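Structure file upload22.cif (mmCIF, C-alpha atoms) is printed below.
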```cif
data_structure
#
loop_
_atom_site.label_atom_id
_atom_site.label_comp_id
_atom_site.auth_asym_id
_atom_site.auth_seq_id
_atom_site.Cartn_x
_atom_site.Cartn_y
_atom_site.Cartn_z
CA MET A 22 -5.71 55.90 58.83
CA ASN A 23 -4.60 52.29 59.01
CA SER A 24 -1.22 50.93 57.97
CA SER A 25 -2.47 49.37 54.69
CA THR A 26 -3.86 52.70 53.48
CA SER A 27 -0.64 54.57 54.26
CA ALA A 28 1.46 51.90 52.54
CA SER A 29 -0.61 52.06 49.38
CA LYS A 30 0.09 55.76 48.79
CA PRO A 31 3.82 55.37 48.02
CA SER A 32 2.96 52.42 45.79
CA ALA A 33 0.39 54.47 43.87
CA TRP A 34 2.81 57.38 43.46
CA GLY A 35 5.46 54.96 42.26
CA ARG A 36 3.17 53.53 39.59
CA LEU A 37 2.19 57.03 38.49
CA LEU A 38 5.82 58.09 38.25
CA ARG A 39 6.73 54.99 36.21
CA GLN A 40 3.80 55.59 33.87
CA TYR A 41 4.89 59.20 33.44
CA VAL A 42 8.48 58.21 32.61
CA VAL A 43 7.33 55.52 30.17
CA SER A 44 4.88 57.92 28.53
CA CYS A 45 7.57 60.58 28.12
CA ALA A 46 9.95 58.03 26.65
CA LEU A 47 7.33 56.77 24.20
CA LEU A 48 6.41 60.32 23.21
CA ALA A 49 10.07 61.15 22.63
CA ILE A 50 10.49 58.04 20.46
CA VAL A 51 7.39 58.84 18.42
CA LEU A 52 8.34 62.50 17.94
CA GLY A 53 11.93 61.59 17.13
CA THR A 54 10.80 59.01 14.58
CA LEU A 55 8.45 61.51 12.95
CA LEU A 56 11.24 64.10 12.88
CA VAL A 57 13.69 61.74 11.20
CA ALA A 58 11.01 60.59 8.74
CA LEU A 59 10.07 64.17 7.84
CA ASP A 60 13.74 65.01 7.21
CA PRO A 61 13.40 68.77 7.86
CA TYR A 62 16.70 69.65 6.15
CA ASP A 63 16.01 67.36 3.18
CA THR A 64 19.18 65.30 3.47
CA GLY A 65 17.51 62.24 1.95
CA ARG A 66 18.54 60.00 4.84
CA LEU A 67 15.88 57.76 6.40
CA ALA A 68 13.16 60.05 5.07
CA LEU A 69 9.65 58.85 4.39
CA VAL A 70 8.67 62.21 2.97
CA ARG A 71 10.69 62.71 -0.22
CA GLY A 72 11.37 65.95 -2.03
CA SER A 73 14.22 68.39 -2.49
CA SER A 74 12.73 71.59 -1.19
CA VAL A 75 13.38 73.34 2.09
CA PRO A 76 12.40 76.72 3.53
CA HIS A 77 14.63 79.78 3.55
CA PHE A 78 17.01 78.48 6.20
CA GLY A 79 20.53 79.88 6.28
CA PRO A 80 22.91 78.52 3.61
CA ARG A 81 24.68 76.32 6.17
CA LEU A 82 21.52 74.24 6.47
CA THR A 83 20.09 74.45 2.96
CA ALA A 84 23.28 73.30 1.22
CA ALA A 85 22.60 69.73 2.38
CA SER A 86 19.43 69.71 0.27
CA LEU A 87 20.68 71.73 -2.68
CA ALA A 88 23.80 69.62 -3.12
CA ARG A 89 21.91 66.36 -3.52
CA ASP A 90 19.65 67.48 -6.36
CA PRO A 91 20.38 64.74 -8.94
CA GLU A 92 19.95 67.15 -11.86
CA LYS A 93 22.74 69.49 -10.70
CA ASN A 94 25.86 68.24 -12.45
CA ALA A 95 27.98 71.31 -11.61
CA ALA A 96 28.54 73.22 -8.37
CA ILE A 97 29.99 76.47 -7.05
CA ILE A 98 31.83 75.93 -3.76
CA GLY A 99 32.87 78.81 -1.54
CA ASN A 100 31.72 81.60 0.75
CA SER A 101 30.19 85.03 0.24
CA THR A 102 33.07 86.08 -2.01
CA VAL A 103 31.52 83.96 -4.80
CA GLN A 104 27.91 84.33 -3.73
CA LEU A 105 27.10 86.62 -6.68
CA LEU A 106 28.15 84.08 -9.29
CA ASP A 107 24.81 83.21 -10.85
CA PRO A 108 24.35 79.45 -11.45
CA ALA A 109 21.63 80.17 -14.00
CA ARG A 110 24.00 82.20 -16.18
CA LEU A 111 26.76 79.62 -15.84
CA SER A 112 24.30 76.88 -16.77
CA GLU A 113 23.20 78.77 -19.86
CA SER A 114 26.73 79.44 -21.06
CA THR A 115 28.16 75.96 -20.39
CA GLY A 116 25.25 73.62 -21.08
CA LEU A 117 25.58 72.21 -17.55
CA THR A 118 23.17 72.56 -14.63
CA PHE A 119 24.81 74.54 -11.83
CA VAL A 120 23.95 74.87 -8.16
CA SER A 121 25.46 77.48 -5.85
CA LEU A 122 26.67 76.02 -2.56
CA ALA A 123 28.26 79.27 -1.38
CA VAL A 124 27.99 79.67 2.39
CA PRO A 125 28.98 83.06 3.88
CA GLY A 126 31.52 83.07 6.69
CA THR A 127 33.08 79.71 5.86
CA GLY A 128 36.61 78.59 5.03
CA PRO A 129 38.33 75.55 3.53
CA LEU A 130 37.21 73.08 6.23
CA GLU A 131 33.51 73.76 5.82
CA GLU A 132 33.63 74.26 2.05
CA LEU A 133 35.43 70.99 1.42
CA VAL A 134 32.92 69.16 3.62
CA ILE A 135 30.08 70.56 1.48
CA ALA A 136 31.93 69.68 -1.74
CA ASP A 137 32.49 66.13 -0.48
CA TRP A 138 28.79 65.87 0.45
CA TYR A 139 27.86 66.99 -3.06
CA LEU A 140 30.07 64.32 -4.63
CA ARG A 141 28.93 61.57 -2.26
CA ARG A 142 25.23 62.25 -2.64
CA HIS A 143 25.48 62.17 -6.42
CA ARG A 144 27.08 58.74 -6.17
CA LEU A 145 24.71 57.37 -3.54
CA GLU A 146 21.51 58.76 -5.04
CA HIS A 147 22.45 57.95 -8.64
CA GLY A 148 22.27 61.53 -9.79
CA LYS A 149 23.97 62.95 -12.84
CA ALA A 150 27.73 62.56 -12.56
CA PRO A 151 29.37 65.88 -11.60
CA GLU A 152 30.89 67.51 -14.65
CA ALA A 153 32.29 70.74 -13.17
CA LEU A 154 33.34 72.17 -9.81
CA VAL A 155 34.14 75.84 -9.29
CA ILE A 156 36.08 76.28 -6.03
CA ASP A 157 36.58 79.69 -4.47
CA LEU A 158 40.11 80.37 -3.19
CA ASP A 159 39.93 83.35 -0.88
CA GLU A 160 42.38 84.53 1.76
CA SER A 161 41.58 81.67 4.14
CA TRP A 162 42.96 79.14 1.64
CA CYS A 163 46.35 80.83 1.82
CA ARG A 164 46.88 80.48 5.55
CA ALA A 165 50.47 79.27 5.81
CA ASP A 166 51.02 78.25 9.44
CA GLY A 167 49.63 74.74 9.03
CA ARG A 168 46.32 75.50 10.73
CA LEU A 169 42.76 76.07 9.60
CA GLU A 170 40.20 77.75 11.80
CA ILE A 171 36.42 77.85 11.89
CA THR A 172 35.31 81.42 12.46
CA ASN A 173 31.56 80.74 12.61
CA PRO A 174 29.53 77.77 13.91
CA PHE A 175 28.92 75.13 11.27
CA PRO A 176 26.67 71.99 11.35
CA PHE A 177 29.25 69.37 10.40
CA TRP A 178 26.83 66.72 11.69
CA LEU A 179 24.41 67.53 8.87
CA TYR A 180 27.03 66.45 6.30
CA SER A 181 28.44 63.54 8.30
CA GLU A 182 28.85 60.09 6.77
CA SER A 183 27.56 58.62 10.05
CA THR A 184 23.79 58.21 10.28
CA LEU A 185 24.07 57.93 14.07
CA VAL A 186 25.87 61.27 14.28
CA TYR A 187 23.17 62.79 12.09
CA ILE A 188 20.27 61.41 14.16
CA GLY A 189 21.93 62.29 17.47
CA ASN A 190 22.29 65.91 16.46
CA LEU A 191 18.95 66.13 14.67
CA LEU A 192 17.01 65.50 17.90
CA ARG A 193 17.02 69.07 19.14
CA LEU A 194 14.43 71.82 19.53
CA LYS A 195 15.64 73.75 16.46
CA SER A 196 14.96 70.73 14.28
CA PHE A 197 11.33 70.64 15.38
CA GLU A 198 11.07 74.31 14.40
CA ALA A 199 12.64 73.40 11.05
CA ALA A 200 10.14 70.57 10.61
CA ALA A 201 7.25 72.96 11.17
CA ARG A 202 8.66 75.32 8.54
CA LYS A 203 9.14 72.47 6.08
CA LEU A 204 5.52 71.42 6.56
CA LYS A 205 4.48 74.96 5.58
CA VAL A 206 6.50 74.60 2.38
CA MET A 207 4.99 71.20 1.66
CA VAL A 208 1.43 72.51 1.89
CA GLY A 209 2.26 75.61 -0.15
CA TYR A 210 1.99 78.11 2.71
CA ASP A 211 5.62 79.25 2.40
CA PRO A 212 7.83 79.33 -0.72
CA PRO A 213 10.92 77.08 -0.88
CA ILE A 214 14.41 78.38 -1.58
CA ARG A 215 15.51 78.92 -5.16
CA SER A 216 16.40 75.49 -6.49
CA ASP A 217 19.86 76.53 -7.71
CA GLY A 218 20.83 78.12 -4.38
CA TYR A 219 21.43 81.64 -5.71
CA ARG A 220 21.26 84.43 -3.13
CA ASP A 221 21.82 87.97 -4.43
CA TYR A 222 23.24 90.25 -1.74
CA ASP A 223 23.21 93.11 -4.25
CA ALA A 224 19.42 93.12 -4.59
CA GLY A 225 17.70 95.95 -2.76
CA ARG A 226 20.89 97.50 -1.39
CA GLN A 227 21.72 101.14 -1.97
CA TRP A 228 25.31 101.81 -2.97
CA ASP A 229 26.52 104.76 -0.89
CA ALA A 230 29.80 106.31 -2.04
CA ALA A 231 30.83 107.77 1.33
CA SER A 232 30.39 104.59 3.36
CA VAL A 233 31.89 102.40 0.64
CA GLU A 234 34.94 104.64 0.28
CA ALA A 235 35.58 104.36 4.02
CA ARG A 236 35.50 100.55 3.87
CA LEU A 237 37.69 100.44 0.77
CA ALA A 238 40.30 102.66 2.38
CA GLU A 239 40.87 100.38 5.38
CA LYS A 240 44.55 99.56 5.83
CA ARG A 241 45.79 96.00 5.62
CA PHE A 242 48.57 94.86 7.94
CA ASP A 243 51.56 93.02 6.52
CA PRO A 244 51.62 89.50 8.05
CA THR A 245 54.60 87.88 9.71
CA LEU A 246 55.77 84.88 7.74
CA PRO A 247 55.88 81.58 9.69
CA ASP A 248 59.21 79.78 9.99
CA THR A 249 57.84 76.94 7.85
CA ILE A 250 55.35 77.62 5.08
CA HIS A 251 52.59 75.03 5.23
CA PHE A 252 49.25 75.60 3.52
CA ALA A 253 47.00 73.28 5.50
CA ALA A 254 44.21 73.40 2.90
CA ILE A 255 46.42 71.84 0.20
CA PRO A 256 46.32 68.16 1.31
CA ARG A 257 42.59 68.43 1.99
CA LEU A 258 41.96 69.77 -1.50
CA ARG A 259 44.09 66.99 -3.00
CA LYS A 260 41.94 64.41 -1.20
CA LEU A 261 38.80 65.99 -2.61
CA MET A 262 40.30 66.02 -6.11
CA ASP A 263 40.74 62.25 -5.89
CA ALA A 264 36.96 61.91 -5.50
CA VAL A 265 36.09 64.11 -8.49
CA PRO A 266 35.24 62.14 -11.66
CA GLY A 267 38.17 62.18 -14.06
CA ASN A 268 36.27 63.78 -16.93
CA ALA A 269 34.91 66.65 -14.78
CA ALA A 270 36.32 70.16 -15.06
CA VAL A 271 37.67 71.77 -11.89
CA VAL A 272 38.22 75.53 -11.80
CA LEU A 273 40.14 76.99 -8.85
CA VAL A 274 39.32 80.68 -8.62
CA PHE A 275 41.38 83.32 -6.83
CA VAL A 276 38.63 85.85 -6.24
CA PRO A 277 39.29 89.58 -6.73
CA ARG A 278 39.73 92.06 -3.90
CA TYR A 279 39.72 95.81 -4.15
CA TYR A 280 43.27 96.99 -4.85
CA THR A 281 43.72 98.53 -1.38
CA ALA A 282 43.44 95.01 0.06
CA LEU A 283 46.25 93.65 -2.10
CA PRO A 284 49.68 93.31 -0.47
CA SER A 285 52.37 95.80 -1.41
CA PRO A 286 54.96 94.50 -3.91
CA GLY A 287 57.89 92.92 -2.09
CA SER A 288 56.07 92.71 1.26
CA ASN A 289 55.63 89.57 3.35
CA GLY A 290 52.03 89.42 2.20
CA ASP A 291 53.13 89.61 -1.43
CA ARG A 292 55.65 86.79 -0.99
CA LEU A 293 53.06 84.66 0.80
CA LEU A 294 50.45 85.24 -1.90
CA ARG A 295 52.89 84.25 -4.63
CA LEU A 296 53.80 81.04 -2.79
CA CYS A 297 50.11 80.27 -2.27
CA LYS A 298 49.24 80.77 -5.94
CA ASP A 299 52.17 78.58 -7.00
CA ALA A 300 51.01 75.81 -4.64
CA TYR A 301 47.50 75.74 -6.12
CA ARG A 302 48.83 75.93 -9.66
CA ARG A 303 50.86 72.81 -8.91
CA ILE A 304 47.69 71.05 -7.76
CA ALA A 305 45.98 72.06 -10.99
CA ALA A 306 48.92 70.75 -13.00
CA GLU A 307 48.62 67.36 -11.31
CA ARG A 308 45.12 66.74 -12.63
CA PRO A 309 43.79 66.90 -16.20
CA ARG A 310 40.90 69.27 -16.87
CA THR A 311 41.85 71.48 -13.93
CA ALA A 312 42.60 75.19 -14.22
CA VAL A 313 43.39 78.19 -12.04
CA LEU A 314 41.76 81.55 -12.70
CA ASP A 315 43.54 84.41 -10.99
CA TRP A 316 41.63 87.64 -10.49
CA LEU A 317 43.59 88.42 -7.32
CA VAL A 318 45.86 90.91 -9.08
CA ASP A 319 46.05 94.66 -9.43
CA SER A 320 44.10 95.65 -12.53
CA ALA A 321 41.49 98.07 -13.79
CA LEU A 322 38.87 95.61 -12.61
CA VAL A 323 39.81 95.95 -8.94
CA ARG A 324 40.31 99.72 -9.06
CA ASP A 325 36.70 100.55 -9.86
CA GLU A 326 35.23 101.44 -6.48
CA GLN A 327 31.69 101.28 -7.83
CA SER A 328 32.18 97.56 -8.41
CA PHE A 329 32.77 96.75 -4.71
CA TRP A 330 30.86 96.93 -1.43
CA ASP A 331 34.01 96.53 0.62
CA GLN A 332 37.52 95.22 0.05
CA VAL A 333 36.44 91.61 -0.56
CA HIS A 334 32.83 91.73 -1.76
CA PHE A 335 32.31 92.72 -5.37
CA ARG A 336 29.13 93.74 -7.17
CA GLN A 337 27.27 92.44 -10.21
CA PRO A 338 29.58 93.88 -12.93
CA VAL A 339 32.52 91.89 -11.52
CA ALA A 340 30.36 88.76 -11.17
CA ARG A 341 29.40 88.95 -14.85
CA ILE A 342 33.07 89.18 -15.92
CA MET A 343 33.97 86.21 -13.72
CA GLU A 344 31.07 84.12 -15.00
CA ARG A 345 32.22 84.61 -18.59
CA GLY A 346 35.79 83.68 -17.69
CA ILE A 347 34.73 80.59 -15.75
CA ALA A 348 32.40 79.45 -18.53
CA ASP A 349 35.18 79.83 -21.13
CA VAL A 350 37.58 77.72 -19.05
CA ILE A 351 34.97 75.02 -18.41
CA ARG A 352 34.20 74.72 -22.11
CA GLU A 353 37.91 74.51 -22.94
CA THR A 354 38.79 71.96 -20.25
CA ARG A 355 35.80 69.73 -20.95
CA THR A 356 36.70 69.45 -24.63
CA ALA A 357 40.39 68.89 -23.96
CA ALA A 358 41.59 65.35 -24.60
CA LEU A 359 42.53 63.33 -21.56
CA PRO A 360 46.12 62.02 -21.51
CA THR A 361 46.59 58.55 -22.96
CA LEU A 362 47.67 56.04 -20.32
CA PRO A 363 50.49 53.64 -21.19
CA THR A 364 49.37 50.17 -22.22
CA PRO A 365 50.15 47.62 -19.47
CA GLN A 366 52.81 45.09 -20.35
CA GLN A 367 51.44 41.61 -20.95
#
```

Now, as a test, write the supplied structure out as structure tokens.
Amino acid sequence: MNSSTSASKPSAWGRLLRQYVVSCALLAIVLGTLLVALDPYDTGRLALVRGSSVPHFGPRLTAASLARDPEKNAAIIGNSTVQLLDPARLSESTGLTFVSLAVPGTGPLEELVIADWYLRRHRLEHGKAPEALVIDLDESWCRADGRLEITNPFPFWLYSESTLVYIGNLLRLKSFEAAARKLKVMVGYDPPIRSDGYRDYDAGRQWDAASVEARLAEKRFDPTLPDTIHFAAIPRLRKLMDAVPGNAAVVLVFVPRYYTALPSPGSNGDRLLRLCKDAYRRIAAERPRTAVLDWLVDSALVRDEQSFWDQVHFRQPVARIMERGIADVIRETRTAALPTLPTPQQ
């Protein structure tokens, strides 16, 4: 073997390696471009393939699509504690078009991000102006130590205002799996999610008295009150309220719990709950067409064990009562006259 032959081998390997790297880079660019264009989660950003239908992903992912439907001029915001509120029934009784954006296992941080996404997409995509928001106030909204925690992973990037953040996080293996599932929906192989986002956790479940009674009997511990009461969700909710159209109704709903989960009268938990309710009532008083519905009280409703799966998840009979109450309030607040502003001095 002469010296020229041996010298050519490293050169050939070098060219092959460069070609491989360039080919991989080009393939990644092409696949990434196709992924962004297909828009597997139907966010409406940079998509060449339009349409507001996605497969049966988890609610954390599907809410990005559901919330931007231009026809949905009313939304339910919350977690599994309002999951049984049926948007179809609320639509029928109010004359609006509701979508459920309830995402199990979330708290104020995630829910307000989804609500903000809903409001922003209706502005950006020229959809019908939002006319009603129903916001679930569960226990997590009453945390009083100035902190809010995320108990389950949440794709904040999917709802980000930054397109770069969205693209950077979209380029992952799971998104390619999502794209394949969306293609199946597009060709009619798989059904899309229900267009109003309703997911019925009651359907198909057997109510078993013994197991339910055990869950309902669980003891609740009385919390220690912090030195300074600070509900961290309050300023975040105020900021969201500023983005809600002035003629839209906002209903803040304290969701019911089974009576064994309610704090004992005079306890720290009772004091904290009263302070929390007062704080949200003050927010409601600051804005026209805003109301608080409080089902978080001891009543016959929350003492019927057959109406609950556990201490915080109710069944269909409770959902029907709440839907009627919410619809009544929305009709009342939407017809109420807005306050007359003073005429500016010339």

Query raised in the report: If the PyMOL selection byres ((chain A and resi 333) around 7) is run on the structure shown, which residues does it catch, given as number ranges by chain?
Result: A: 102, 278-279, 331-332, 334-335

Could you give me, as a tab-separated table, every segment 200-224 of chain A residue with an atom at most 10 Å from segment 82-86 of chain A, plus its closest atom pair and distance in Å to one decimal, counting all atoms listed in the file, rows ordered by chain then number?
```
residue	atom	partner	partner_atom	distance
A:Ile214	CA	A:Thr83	CA	8.3
A:Ser216	CA	A:Ser86	CA	9.4
A:Gly218	CA	A:Ala84	CA	7.8
```

Report task. Choose the residue, out of A:Met207, A:Leu185, A:Val124, A:Ala153, that has the smallest atom-to-atom separation from Leu59 of chain A; count all atoms listed in the file. Result -> A:Met207

Query raised in the report: Skipping near chain neighbours, those fewer than 3 positions away, what residues fall within 8 Å of Leu314 of chain A using all atoms listed in the file, listed as a list in words?
Result: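 In the requested format, the answer is Val272, Leu273, Val274, Phe275 and Ile347 of chain A.
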
Report task. Could you jot down the atom CA of Asn100 of chain A to atom CA of Arg220 of chain A separation for me, Å, one decimal place? Result ->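 That distance, rounded to one decimal, is 11.5 Å.
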
Requested in this report: Measure the distance from atom CA of Tyr139 of chain A to atom CA of Asp63 of chain A in Å and round it to one decimal.
Outcome: 13.4 Å

Query raised in the report: Can you list, as a VMD selection string, the residues that the PyMOL selection byres ((chain A and resi 64) around 9) selects here?
Result: chain A and resid 60 to 63 65 to 68 73 85 to 86 89 179 to 180

Report task. Just give me the residues with any atom within 9 Å of (16.1, 77.5, 8.5), file coordinates, counting only C-alpha atoms, written as a list in words. Result ->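 Counting only C-alpha atoms, I find these residues within 9 Å of (16.1, 77.5, 8.5): Tyr62, Val75, Pro76, His77, Phe78, Gly79, Pro80, Arg81, Leu82, Thr83, Lys195, Ser196, Glu198, Ala199, Arg202 and Lys203 of chain A.
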
Query raised in the report: What separation in Å, quoted to one decimal, exists between atom CA of Val271 of chain A and atom CA of His251 of chain A?
Result: 22.9 Å

**Report entry** Pick from A:Glu146, A:Asp349, A:Asp90, A:Glu132, whichever lies nearest to Val120 of chain A using only C-alpha atoms
**Finding:** A:Asp90

Considering all atoms listed in the file, tabulate each residue of segment 55-166 of chain A that lies at most 12 Å from segment 254-262 of chain A along with its nearest interatomic pair and the corresponding distance in Å to one decimal; arrange the rows by chain and ascending residue number and present them as CSV.
```
residue,atom,partner,partner_atom,distance
A:Gly128,CA,A:Ala254,CA,9.4
A:Pro129,CA,A:Ala254,CA,6.3
A:Leu130,CA,A:Ala254,CA,7.8
A:Glu131,CA,A:Ala254,CA,11.1
A:Glu132,CA,A:Leu258,CA,10.1
A:Leu133,CA,A:Leu261,CA,7.3
A:Val134,CA,A:Leu261,CA,9.1
A:Ile135,CA,A:Leu261,CA,10.7
A:Ala136,CA,A:Leu261,CA,7.8
A:Asp137,CA,A:Leu261,CA,6.7
A:Trp138,CA,A:Leu261,CA,10.5
A:Tyr139,CA,A:Leu261,CA,11.0
A:Leu140,CA,A:Leu261,CA,9.1
A:Arg141,CA,A:Leu261,CA,10.8
A:Ala153,CA,A:Met262,CA,11.7
A:Leu154,CA,A:Met262,CA,10.0
A:Ile156,CA,A:Leu258,CA,9.9
A:Asp157,CA,A:Leu258,CA,11.7
A:Leu158,CA,A:Ala254,CA,10.1
A:Asp159,CA,A:Ala254,CA,11.5
A:Glu160,CA,A:Ala254,CA,11.3
A:Ser161,CA,A:Ala254,CA,8.8
A:Trp162,CA,A:Ala254,CA,6.0
A:Cys163,CA,A:Ala254,CA,7.8
A:Arg164,CA,A:Ala254,CA,8.0
A:Ala165,CA,A:Ala254,CA,9.1
A:Asp166,CA,A:Ala254,CA,10.6
```

Requested in this report: Show which residues sit within 10 Å of segment 321-328 of chain A, as a VMD selection string. Count all atoms listed in the file, and ignore same-chain residues fewer than 5 positions away.
Outcome: chain A and resid 228 to 230 233 to 234 237 277 to 283 316 334 to 340 342

Requested in this report: List every protein, DNA or RNA residue that has at least one atom no more than 10 Å from (49.5, 86.3, -1.5) in the file's coordinates, counting all atoms listed in the file, and write the result as a list of chain:residue names.
Outcome: A:Glu160, A:Cys163, A:Arg164, A:Leu283, A:Pro284, A:Ser285, A:Ser288, A:Asn289, A:Gly290, A:Asp291, A:Arg292, A:Leu293, A:Leu294, A:Arg295, A:Leu296, A:Cys297, A:Lys298, A:Asp299, A:Leu317, A:Val318

Given the PyMOL selection byres ((chain A and resi 345) around 12), the residues it picks as a PDB file with C-alpha atoms, in the frame of the given file:
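That gives us expr.pdb:
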```pdb
ATOM      1  CA  LEU A 106      28.150  84.080  -9.290  1.00  0.00           C
ATOM      2  CA  ASP A 107      24.810  83.210 -10.850  1.00  0.00           C
ATOM      3  CA  PRO A 108      24.350  79.450 -11.450  1.00  0.00           C
ATOM      4  CA  ARG A 110      24.000  82.200 -16.180  1.00  0.00           C
ATOM      5  CA  LEU A 111      26.760  79.620 -15.840  1.00  0.00           C
ATOM      6  CA  SER A 112      24.300  76.880 -16.770  1.00  0.00           C
ATOM      7  CA  GLU A 113      23.200  78.770 -19.860  1.00  0.00           C
ATOM      8  CA  SER A 114      26.730  79.440 -21.060  1.00  0.00           C
ATOM      9  CA  THR A 115      28.160  75.960 -20.390  1.00  0.00           C
ATOM     10  CA  LEU A 314      41.760  81.550 -12.700  1.00  0.00           C
ATOM     11  CA  PRO A 338      29.580  93.880 -12.930  1.00  0.00           C
ATOM     12  CA  VAL A 339      32.520  91.890 -11.520  1.00  0.00           C
ATOM     13  CA  ALA A 340      30.360  88.760 -11.170  1.00  0.00           C
ATOM     14  CA  ARG A 341      29.400  88.950 -14.850  1.00  0.00           C
ATOM     15  CA  ILE A 342      33.070  89.180 -15.920  1.00  0.00           C
ATOM     16  CA  MET A 343      33.970  86.210 -13.720  1.00  0.00           C
ATOM     17  CA  GLU A 344      31.070  84.120 -15.000  1.00  0.00           C
ATOM     18  CA  GLY A 346      35.790  83.680 -17.690  1.00  0.00           C
ATOM     19  CA  ILE A 347      34.730  80.590 -15.750  1.00  0.00           C
ATOM     20  CA  ALA A 348      32.400  79.450 -18.530  1.00  0.00           C
ATOM     21  CA  ASP A 349      35.180  79.830 -21.130  1.00  0.00           C
ATOM     22  CA  VAL A 350      37.580  77.720 -19.050  1.00  0.00           C
ATOM     23  CA  ILE A 351      34.970  75.020 -18.410  1.00  0.00           C
ATOM     24  CA  ARG A 352      34.200  74.720 -22.110  1.00  0.00           C
TER      25      ARG A 352
END
```

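With distances restricted to all atoms listed in the file, A:Arg215 is the closest residue to Leu122 of chain A from A:Gly167, A:Lys205, A:Arg215, A:Leu145.
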
Please supply segment 291-304 of chain A, rebuilt with N, CA, C and O atoms, as a PDB file, keeping the file's coordinate frame.
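The result, written out as part.pdb:
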```
ATOM      1  N   ASP A 291      52.933  89.866   0.002  1.00  0.00           N
ATOM      2  CA  ASP A 291      53.130  89.610  -1.430  1.00  0.00           C
ATOM      3  C   ASP A 291      53.862  88.293  -1.642  1.00  0.00           C
ATOM      4  O   ASP A 291      53.475  87.490  -2.508  1.00  0.00           O
ATOM      5  N   ARG A 292      54.904  88.053  -0.884  1.00  0.00           N
ATOM      6  CA  ARG A 292      55.650  86.790  -0.990  1.00  0.00           C
ATOM      7  C   ARG A 292      54.739  85.601  -0.674  1.00  0.00           C
ATOM      8  O   ARG A 292      54.756  84.581  -1.374  1.00  0.00           O
ATOM      9  N   LEU A 293      53.950  85.736   0.386  1.00  0.00           N
ATOM     10  CA  LEU A 293      53.060  84.660   0.800  1.00  0.00           C
ATOM     11  C   LEU A 293      52.012  84.372  -0.281  1.00  0.00           C
ATOM     12  O   LEU A 293      51.725  83.215  -0.596  1.00  0.00           O
ATOM     13  N   LEU A 294      51.468  85.412  -0.865  1.00  0.00           N
ATOM     14  CA  LEU A 294      50.450  85.240  -1.900  1.00  0.00           C
ATOM     15  C   LEU A 294      51.035  84.537  -3.124  1.00  0.00           C
ATOM     16  O   LEU A 294      50.405  83.657  -3.719  1.00  0.00           O
ATOM     17  N   ARG A 295      52.247  84.896  -3.488  1.00  0.00           N
ATOM     18  CA  ARG A 295      52.890  84.250  -4.630  1.00  0.00           C
ATOM     19  C   ARG A 295      53.126  82.765  -4.367  1.00  0.00           C
ATOM     20  O   ARG A 295      52.905  81.913  -5.244  1.00  0.00           O
ATOM     21  N   LEU A 296      53.582  82.441  -3.157  1.00  0.00           N
ATOM     22  CA  LEU A 296      53.800  81.040  -2.790  1.00  0.00           C
ATOM     23  C   LEU A 296      52.480  80.266  -2.807  1.00  0.00           C
ATOM     24  O   LEU A 296      52.429  79.112  -3.256  1.00  0.00           O
ATOM     25  N   CYS A 297      51.424  80.915  -2.311  1.00  0.00           N
ATOM     26  CA  CYS A 297      50.110  80.270  -2.270  1.00  0.00           C
ATOM     27  C   CYS A 297      49.620  79.985  -3.688  1.00  0.00           C
ATOM     28  O   CYS A 297      49.155  78.874  -3.983  1.00  0.00           O
ATOM     29  N   LYS A 298      49.703  80.965  -4.556  1.00  0.00           N
ATOM     30  CA  LYS A 298      49.240  80.770  -5.940  1.00  0.00           C
ATOM     31  C   LYS A 298      50.033  79.663  -6.624  1.00  0.00           C
ATOM     32  O   LYS A 298      49.469  78.824  -7.345  1.00  0.00           O
ATOM     33  N   ASP A 299      51.334  79.637  -6.390  1.00  0.00           N
ATOM     34  CA  ASP A 299      52.170  78.580  -7.000  1.00  0.00           C
ATOM     35  C   ASP A 299      51.734  77.202  -6.508  1.00  0.00           C
ATOM     36  O   ASP A 299      51.709  76.235  -7.287  1.00  0.00           O
ATOM     37  N   ALA A 300      51.401  77.099  -5.215  1.00  0.00           N
ATOM     38  CA  ALA A 300      51.010  75.810  -4.640  1.00  0.00           C
ATOM     39  C   ALA A 300      49.723  75.295  -5.291  1.00  0.00           C
ATOM     40  O   ALA A 300      49.614  74.104  -5.626  1.00  0.00           O
ATOM     41  N   TYR A 301      48.759  76.172  -5.510  1.00  0.00           N
ATOM     42  CA  TYR A 301      47.500  75.740  -6.120  1.00  0.00           C
ATOM     43  C   TYR A 301      47.651  75.500  -7.627  1.00  0.00           C
ATOM     44  O   TYR A 301      46.957  74.647  -8.198  1.00  0.00           O
ATOM     45  N   ARG A 302      48.560  76.214  -8.247  1.00  0.00           N
ATOM     46  CA  ARG A 302      48.830  75.930  -9.660  1.00  0.00           C
ATOM     47  C   ARG A 302      49.452  74.545  -9.821  1.00  0.00           C
ATOM     48  O   ARG A 302      49.186  73.846 -10.801  1.00  0.00           O
ATOM     49  N   ARG A 303      50.271  74.152  -8.861  1.00  0.00           N
ATOM     50  CA  ARG A 303      50.860  72.810  -8.910  1.00  0.00           C
ATOM     51  C   ARG A 303      49.774  71.742  -8.775  1.00  0.00           C
ATOM     52  O   ARG A 303      49.808  70.702  -9.441  1.00  0.00           O
ATOM     53  N   ILE A 304      48.808  71.988  -7.905  1.00  0.00           N
ATOM     54  CA  ILE A 304      47.690  71.050  -7.760  1.00  0.00           C
ATOM     55  C   ILE A 304      46.939  70.929  -9.082  1.00  0.00           C
ATOM     56  O   ILE A 304      46.571  69.835  -9.524  1.00  0.00           O
TER      57      ILE A 304
END
```
